[in-house]
$ cat protein.tsv   # TSV, C-alpha atoms and all ligand atoms
chain	number	residue	atom	x	y	z
A	1	MET	CA	0.00	0.00	0.00
A	2	LYS	CA	1.31	3.42	-0.93
A	3	TYR	CA	1.07	6.00	1.82
A	4	THR	CA	0.37	9.65	1.15
A	5	LEU	CA	3.05	12.03	2.38
A	6	GLN	CA	0.62	13.16	5.05
A	7	GLN	CA	0.22	9.59	6.30
A	8	GLU	CA	3.97	9.10	6.14
A	9	LEU	CA	4.56	12.14	8.34
A	10	GLN	CA	1.94	10.98	10.82
A	11	ARG	CA	3.50	7.52	10.96
A	12	LYS	CA	6.96	8.99	11.44
A	13	LYS	CA	5.67	11.12	14.29
A	14	ALA	CA	4.18	8.07	16.00
A	15	GLN	CA	7.59	6.40	15.76
A	16	GLY	CA	9.52	9.45	16.94
A	17	GLN	CA	11.20	9.81	13.57
A	18	LYS	CA	12.23	13.34	12.60
A	19	SER	CA	12.41	14.77	9.10
A	20	PHE	CA	14.71	17.32	7.53
A	21	VAL	CA	13.48	19.64	4.80
A	22	VAL	CA	15.52	21.87	2.51
A	23	LEU	CA	13.56	24.94	1.43
A	24	ILE	CA	14.26	25.93	-2.16
A	25	ASP	CA	13.41	29.41	-3.33
A	26	PRO	CA	12.96	29.17	-7.13
A	27	ASP	CA	14.19	32.76	-7.44
A	28	LYS	CA	17.55	31.91	-6.00
A	29	ILE	CA	18.59	28.82	-7.93
A	30	ASP	CA	19.71	28.05	-11.44
A	31	GLU	CA	20.34	24.77	-13.21
A	32	THR	CA	23.86	24.30	-11.90
A	33	SER	CA	23.07	25.14	-8.31
A	34	THR	CA	20.01	22.88	-8.35
A	35	GLU	CA	22.14	20.00	-9.54
A	36	GLN	CA	24.62	20.48	-6.71
A	37	LEU	CA	21.88	20.99	-4.13
A	38	VAL	CA	20.07	17.81	-5.17
A	39	GLN	CA	23.24	15.75	-5.13
A	40	LEU	CA	24.23	16.92	-1.64
A	41	SER	CA	20.66	16.41	-0.41
A	42	VAL	CA	20.58	12.81	-1.64
A	43	GLU	CA	23.93	12.12	0.04
A	44	ALA	CA	22.72	13.72	3.28
A	45	ARG	CA	19.41	11.81	3.26
A	46	VAL	CA	17.24	14.91	3.17
A	47	ASP	CA	13.61	13.80	3.60
A	48	TYR	CA	11.71	16.40	1.57
A	49	PHE	CA	12.12	19.57	-0.45
A	50	PHE	CA	9.79	22.49	0.10
A	51	VAL	CA	9.67	24.76	-2.94
A	52	GLY	CA	8.29	28.28	-2.81
A	53	GLY	CA	8.45	31.47	-0.82
A	54	SER	CA	6.42	34.49	0.22
A	55	LEU	CA	7.51	36.34	-2.87
A	56	VAL	CA	8.51	34.43	-5.97
A	57	THR	CA	9.31	36.69	-8.89
A	58	SER	CA	10.73	34.26	-11.42
A	59	CYS	CA	8.62	32.06	-13.69
A	60	ASN	CA	10.74	28.94	-13.58
A	61	LEU	CA	8.81	27.02	-10.93
A	62	ASP	CA	7.84	24.18	-13.30
A	63	GLU	CA	11.35	23.92	-14.71
A	64	ALA	CA	12.99	23.94	-11.28
A	65	ILE	CA	10.71	21.17	-10.00
A	66	GLN	CA	11.10	19.06	-13.12
A	67	GLN	CA	14.85	19.30	-12.77
A	68	ILE	CA	14.72	18.17	-9.14
A	69	LYS	CA	12.35	15.31	-9.92
A	70	ALA	CA	14.51	14.12	-12.79
A	71	ALA	CA	17.54	13.93	-10.54
A	72	CYS	CA	16.23	12.27	-7.38
A	73	ASP	CA	13.38	10.58	-5.50
A	74	ILE	CA	13.13	13.13	-2.70
A	75	PRO	CA	9.49	14.27	-2.59
A	76	VAL	CA	8.85	17.88	-3.61
A	77	ILE	CA	6.21	19.70	-1.59
A	78	LEU	CA	5.00	23.13	-2.66
A	79	PHE	CA	5.16	25.85	0.00
A	80	PRO	CA	3.31	28.60	-1.85
A	81	GLY	CA	3.22	32.27	-0.96
A	82	SER	CA	0.28	32.72	-3.29
A	83	PRO	CA	-2.07	30.59	-5.42
A	84	SER	CA	0.04	31.38	-8.48
A	85	GLN	CA	2.79	29.14	-7.12
A	86	ILE	CA	1.25	25.84	-8.10
A	87	SER	CA	2.97	23.24	-10.23
A	88	LYS	CA	1.58	19.89	-11.26
A	89	TYR	CA	5.11	18.51	-11.31
A	90	ALA	CA	5.36	18.58	-7.50
A	91	ASP	CA	4.20	15.72	-5.27
A	92	ALA	CA	2.10	17.64	-2.79
A	93	LEU	CA	0.97	21.07	-1.71
A	94	LEU	CA	1.06	22.60	1.76
A	95	TYR	CA	-2.46	24.02	1.71
A	96	LEU	CA	-1.72	26.86	4.08
A	97	SER	CA	-4.19	28.81	6.13
A	98	LEU	CA	-2.53	31.61	8.10
A	99	ILE	CA	-4.23	30.80	11.40
A	100	SER	CA	-1.99	33.10	13.43
A	101	GLY	CA	-3.23	36.14	11.50
A	102	ARG	CA	-6.57	37.83	11.10
A	103	ASN	CA	-6.28	38.52	7.40
A	104	ALA	CA	-9.37	36.83	5.94
A	105	GLU	CA	-7.73	36.60	2.50
A	106	LEU	CA	-5.00	34.30	3.82
A	107	LEU	CA	-7.32	32.39	6.13
A	108	ILE	CA	-9.84	31.44	3.42
A	109	GLY	CA	-10.27	34.11	0.70
A	110	GLN	CA	-7.50	33.04	-1.67
A	111	HIS	CA	-8.40	29.40	-1.12
A	112	VAL	CA	-11.90	30.03	-2.43
A	113	LEU	CA	-10.60	31.80	-5.53
A	114	SER	CA	-8.05	29.12	-6.35
A	115	ALA	CA	-10.03	26.02	-5.29
A	116	PRO	CA	-10.85	24.74	-8.81
A	117	THR	CA	-7.23	25.17	-9.97
A	118	VAL	CA	-5.87	23.48	-6.88
A	119	LYS	CA	-8.29	20.57	-7.20
A	120	ARG	CA	-7.46	20.10	-10.90
A	121	SER	CA	-3.73	20.03	-10.17
A	122	GLY	CA	-4.01	16.46	-8.90
A	123	LEU	CA	-1.52	17.26	-6.15
A	124	GLU	CA	-1.75	15.69	-2.73
A	125	ILE	CA	-3.30	18.41	-0.60
A	126	MET	CA	-1.86	18.80	2.91
A	127	PRO	CA	-4.11	21.07	5.00
A	128	THR	CA	-1.70	23.09	7.11
A	129	GLY	CA	-2.30	25.49	9.97
A	130	TYR	CA	0.39	28.09	9.29
A	131	MET	CA	1.56	30.17	12.24
A	132	VAL	CA	3.97	33.05	11.90
A	133	ILE	CA	5.94	33.72	15.07
A	134	ASP	CA	7.81	36.98	15.63
A	135	GLY	CA	11.43	36.43	14.65
A	136	GLY	CA	12.85	39.71	15.93
A	137	ALA	CA	12.50	41.76	12.75
A	138	PRO	CA	9.98	42.06	9.91
A	139	THR	CA	10.42	39.19	7.45
A	140	THR	CA	8.98	38.89	3.95
A	141	VAL	CA	6.17	36.70	5.23
A	142	SER	CA	5.22	39.10	8.03
A	143	TYR	CA	5.19	42.05	5.60
A	144	ILE	CA	3.39	40.33	2.74
A	145	SER	CA	0.79	38.68	4.96
A	146	ASN	CA	-0.19	42.00	6.50
A	147	ALA	CA	-0.90	40.16	9.73
A	148	ALA	CA	0.72	40.49	13.13
A	149	PRO	CA	2.93	37.54	14.05
A	150	ILE	CA	2.50	35.80	17.41
A	151	PRO	CA	4.92	37.38	19.93
A	152	ALA	CA	7.94	35.15	20.49
A	153	ASP	CA	7.39	34.96	24.24
A	154	LYS	CA	3.69	34.14	24.11
A	155	ALA	CA	3.80	30.38	24.02
A	156	ASP	CA	0.22	30.18	25.28
A	157	ILE	CA	-1.09	32.04	22.23
A	158	ALA	CA	0.88	29.72	19.97
A	159	LEU	CA	-0.47	26.72	21.83
A	160	CYS	CA	-4.13	27.80	21.64
A	161	THR	CA	-3.73	28.72	17.96
A	162	ALA	CA	-2.26	25.30	17.14
A	163	MET	CA	-4.96	23.52	19.15
A	164	ALA	CA	-7.70	25.44	17.35
A	165	GLY	CA	-6.09	24.69	13.98
A	166	GLU	CA	-5.96	21.02	14.78
A	167	MET	CA	-9.59	20.94	15.91
A	168	LEU	CA	-10.56	22.70	12.69
A	169	GLY	CA	-9.07	19.76	10.83
A	170	MET	CA	-5.56	20.91	9.91
A	171	GLN	CA	-3.34	17.87	9.32
A	172	LEU	CA	-0.05	19.71	9.93
A	173	ILE	CA	0.94	22.67	12.06
A	174	TYR	CA	3.78	24.84	10.71
A	175	MET	CA	5.39	27.34	13.08
A	176	ASP	CA	7.55	29.73	11.10
A	177	ALA	CA	9.66	32.64	12.35
A	178	GLY	CA	10.01	33.68	8.68
A	179	SER	CA	12.84	33.21	6.28
A	180	GLY	CA	16.05	34.74	7.59
A	181	ALA	CA	14.51	35.47	11.00
A	182	LYS	CA	16.94	37.03	13.43
A	183	ARG	CA	15.63	34.87	16.22
A	184	PRO	CA	14.35	31.36	15.57
A	185	ILE	CA	11.41	29.98	17.54
A	186	THR	CA	12.30	29.14	21.13
A	187	GLU	CA	12.44	25.56	22.34
A	188	GLN	CA	10.08	26.52	25.12
A	189	MET	CA	7.36	27.47	22.61
A	190	ILE	CA	8.01	24.36	20.51
A	191	GLN	CA	7.76	22.17	23.59
A	192	LYS	CA	4.52	23.69	24.74
A	193	VAL	CA	2.82	23.37	21.36
A	194	SER	CA	4.18	19.92	20.59
A	195	ALA	CA	3.10	18.46	23.93
A	196	ASN	CA	-0.50	19.39	23.24
A	197	ILE	CA	-1.12	18.48	19.61
A	198	GLU	CA	-1.32	15.17	17.79
A	199	LYS	CA	-0.48	16.31	14.28
A	200	PRO	CA	3.09	16.62	13.00
A	201	LEU	CA	4.74	19.92	13.91
A	202	ILE	CA	6.89	21.67	11.30
A	203	VAL	CA	9.34	24.32	12.55
A	204	GLY	CA	11.38	26.76	10.49
A	205	GLY	CA	12.72	30.27	10.16
A	206	GLY	CA	16.16	31.47	11.19
A	207	ILE	CA	17.63	28.05	12.01
A	208	THR	CA	21.31	28.47	11.18
A	209	THR	CA	23.10	25.78	13.17
A	210	PRO	CA	22.82	22.00	13.46
A	211	GLU	CA	22.69	22.45	17.25
A	212	LYS	CA	19.51	24.51	17.01
A	213	ALA	CA	17.95	22.00	14.62
A	214	TYR	CA	18.77	19.24	17.09
A	215	LEU	CA	17.38	21.13	20.09
A	216	ASN	CA	14.17	21.92	18.20
A	217	CYS	CA	13.66	18.23	17.52
A	218	LYS	CA	14.33	17.38	21.13
A	219	ALA	CA	11.74	20.00	22.11
A	220	GLY	CA	9.17	18.22	19.95
A	221	ALA	CA	9.46	19.48	16.38
A	222	ASP	CA	8.79	16.66	13.90
A	223	VAL	CA	10.03	18.42	10.78
A	224	ILE	CA	12.81	21.00	10.53
A	225	VAL	CA	12.93	23.40	7.57
A	226	VAL	CA	16.08	25.27	6.59
A	227	GLY	CA	16.46	27.63	3.65
A	228	ASN	CA	18.65	30.70	4.12
A	229	ALA	CA	21.51	29.11	6.03
A	230	ILE	CA	21.91	26.48	3.30
A	231	GLU	CA	21.76	29.12	0.56
A	232	LYS	CA	24.71	30.78	2.29
A	233	ASP	CA	26.65	27.60	2.99
A	234	ILE	CA	25.53	24.55	1.08
A	235	SER	CA	27.80	22.24	3.03
A	236	LEU	CA	25.51	22.73	6.04
A	237	ILE	CA	23.00	20.30	4.49
A	238	LYS	CA	24.96	17.31	5.72
A	239	GLU	CA	25.40	18.49	9.31
A	240	MET	CA	21.84	19.75	9.61
A	241	SER	CA	20.37	16.52	8.29
A	242	TYR	CA	22.62	14.47	10.56
A	243	ALA	CA	21.61	16.55	13.61
A	244	VAL	CA	17.90	16.13	12.87
A	245	HIS	CA	18.11	12.39	12.30
A	246	LYS	CA	20.42	11.88	15.27
A	247	SER	CA	17.87	13.49	17.58
A	248	MET	CA	15.57	10.47	17.30
A	249	VAL	CA	18.07	7.95	18.57
A	250	THR	CA	19.79	9.78	21.41
A	251	ALA	CA	18.16	10.33	24.78
A	301	LIG	C1	10.85	30.05	6.05
A	301	LIG	O1	10.75	28.21	7.51
A	301	LIG	C2	11.37	28.71	6.38
A	301	LIG	O2	9.54	30.03	5.65
A	301	LIG	C3	12.87	28.64	6.43
A	301	LIG	O3	13.47	29.79	6.98
A	301	LIG	O4	15.13	30.51	5.28
A	301	LIG	O5	15.35	31.23	7.67
A	301	LIG	O6	15.79	28.87	7.02
A	301	LIG	P1	15.02	30.11	6.72
$ encode --input "protein.tsv" --output "structure tokens"
Amino acid sequence: MKYTLQQELQRKKAQGQKSFVVLIDPDKIDETSTEQLVQLSVEARVDYFFVGGSLVTSCNLDEAIQQIKAACDIPVILFPGSPSQISKYADALLYLSLISGRNAELLIGQHVLSAPTVKRSGLEIMPTGYMVIDGGAPTTVSYISNAAPIPADKADIALCTAMAGEMLGMQLIYMDAGSGAKRPITEQMIQKVSANIEKPLIVGGGITTPEKAYLNCKAGADVIVVGNAIEKDISLIKEMSYAVHKSMVTA
């Protein structure tokens, strides 16, 4: 029986298995860099690629995904900043509702407008409660979303938001400090949210060291997403992936 990626993540969570995701911004890669990135990711046993960003200005989404798919078996999951970032060549789509904000467009409005296109894409749809947490400075996502992030020290707000998202039927909860965040999400907040939800918890934004990735997993994150740090130093893929996978075997 073939599992959906959603089922796979849920099964991994039940077994305490952690996943490492490399975030690819289609604006920032070309053919040569994609080739190198894919090769290093395969060697490092990266679990998934997320492709997208709050603001994608190039038009090479299809090409970038086709190139990745031709070179490896790592699943490609779309992480769209807008409904225009859909590609049938991906494996699945994070169907994001910005539950930490109060911008109706990003909670449901854009979903209504794009529903027929999304349905026709044939992609696996992963309903995701998306929570932006204050990362110490405005990030692209906080600016574009026009919605206040959850304050970094208000773990209770994050917890109640995640619980509500889960009860509304979200299959994943994604806590994001935003790409390039000055301060990543605290372990205390991750711990509090993770201890009280059943669905896999994705954590990203401003993670720049393998140590932080490891501590996040220990605090209860199921999936770690890294983009910026790897763009700056591609060799980090190996250490980051090792740290995330190591966290499930050590006490
Ligand atoms: C942002 O969670 C991702 O949406 C990754 O953030 O680019 O800071 O790693 P970074």
$ residues_around --input "protein.tsv" --residues "Met175 of chain A" --least-positions-apart "3" --cutoff "12 Å" --atoms "only C-alpha atoms" --output "PyMOL selection string"
chain A and resi 96-100+128-135+149-150+152+155+158-159+161-162+165+172+178-179+184-187+189-191+193-194+200-206+216+221-225
$ atom_distance --input "protein.tsv" --atom1 "atom CA of Ile74 of chain A" --atom2 "atom CA of Arg183 of chain A"
28.9 Å
$ residues_near_point --input "protein.tsv" --point "(22.3, 17.3, -4.1)" --cutoff "12 Å" --atoms "all atoms listed in the file" --output "MDAnalysis selection string"
chainID A and resid 22 24 31:46 49 67:69 71:74 230 234:238
$ residues_near_point --input "protein.tsv" --point "(-2.3, 21.7, 25.5)" --cutoff "9 Å" --atoms "all atoms listed in the file" --output "list of chain:residue names"
A:Asp156, A:Leu159, A:Cys160, A:Met163, A:Lys192, A:Val193, A:Ser194, A:Ala195, A:Asn196, A:Ile197
$ closest_residue --input "protein.tsv" --among "A:Lys182, A:Arg120, A:Lys212, A:Lys246" --to "ligand LIG 301 (chain A)" --atoms "all atoms listed in the file"
A:Lys182
$ closest_residue --input "protein.tsv" --among "A:Glu63, A:Ala92, A:Leu9, A:Met240" --to "Val76 of chain A" --atoms "only C-alpha atoms"
A:Ala92
$ closest_residue --input "protein.tsv" --among "A:Gln188, A:Asn146, A:Lys88, A:Gly16" --to "Asn103 of chain A" --atoms "all atoms listed in the file"
A:Asn146
$ atom_distance --input "protein.tsv" --atom1 "atom CA of Ile65 of chain A" --atom2 "atom CA of Tyr89 of chain A"
6.3 Å
$ atom_distance --input "protein.tsv" --atom1 "atom CA of Thr117 of chain A" --atom2 "atom CA of Pro80 of chain A"
13.7 Å
$ closest_residue --input "protein.tsv" --among "A:Ser114, A:Asn228, A:Asn60, A:Gln17" --to "Thr208 of chain A" --atoms "all atoms listed in the file"
A:Asn228
$ residues_around --input "protein.tsv" --residues "Glu211 of chain A" --least-positions-apart "2" --cutoff "10 Å" --atoms "all atoms listed in the file" --output "NGL selection string"
:A and (207-209 or 213-217 or 239-240 or 243-244)
$ closest_residue --input "protein.tsv" --among "A:Ala64, A:Gly136, A:Lys28, A:Leu23" --to "ligand LIG 301 (chain A)" --atoms "all atoms listed in the file"
A:Leu23
$ closest_residue --input "protein.tsv" --among "A:Gln7, A:Ser19, A:Gln171, A:Thr57" --to "Gln85 of chain A" --atoms "all atoms listed in the file"
A:Thr57
$ residues_around --input "protein.tsv" --residues "Ile144 of chain A" --least-positions-apart "3" --cutoff "12 Å" --atoms "only C-alpha atoms" --output "NGL selection string"
:A and (53-56 or 81-82 or 98 or 101 or 103 or 105-106 or 132 or 138-141 or 147-149 or 178)
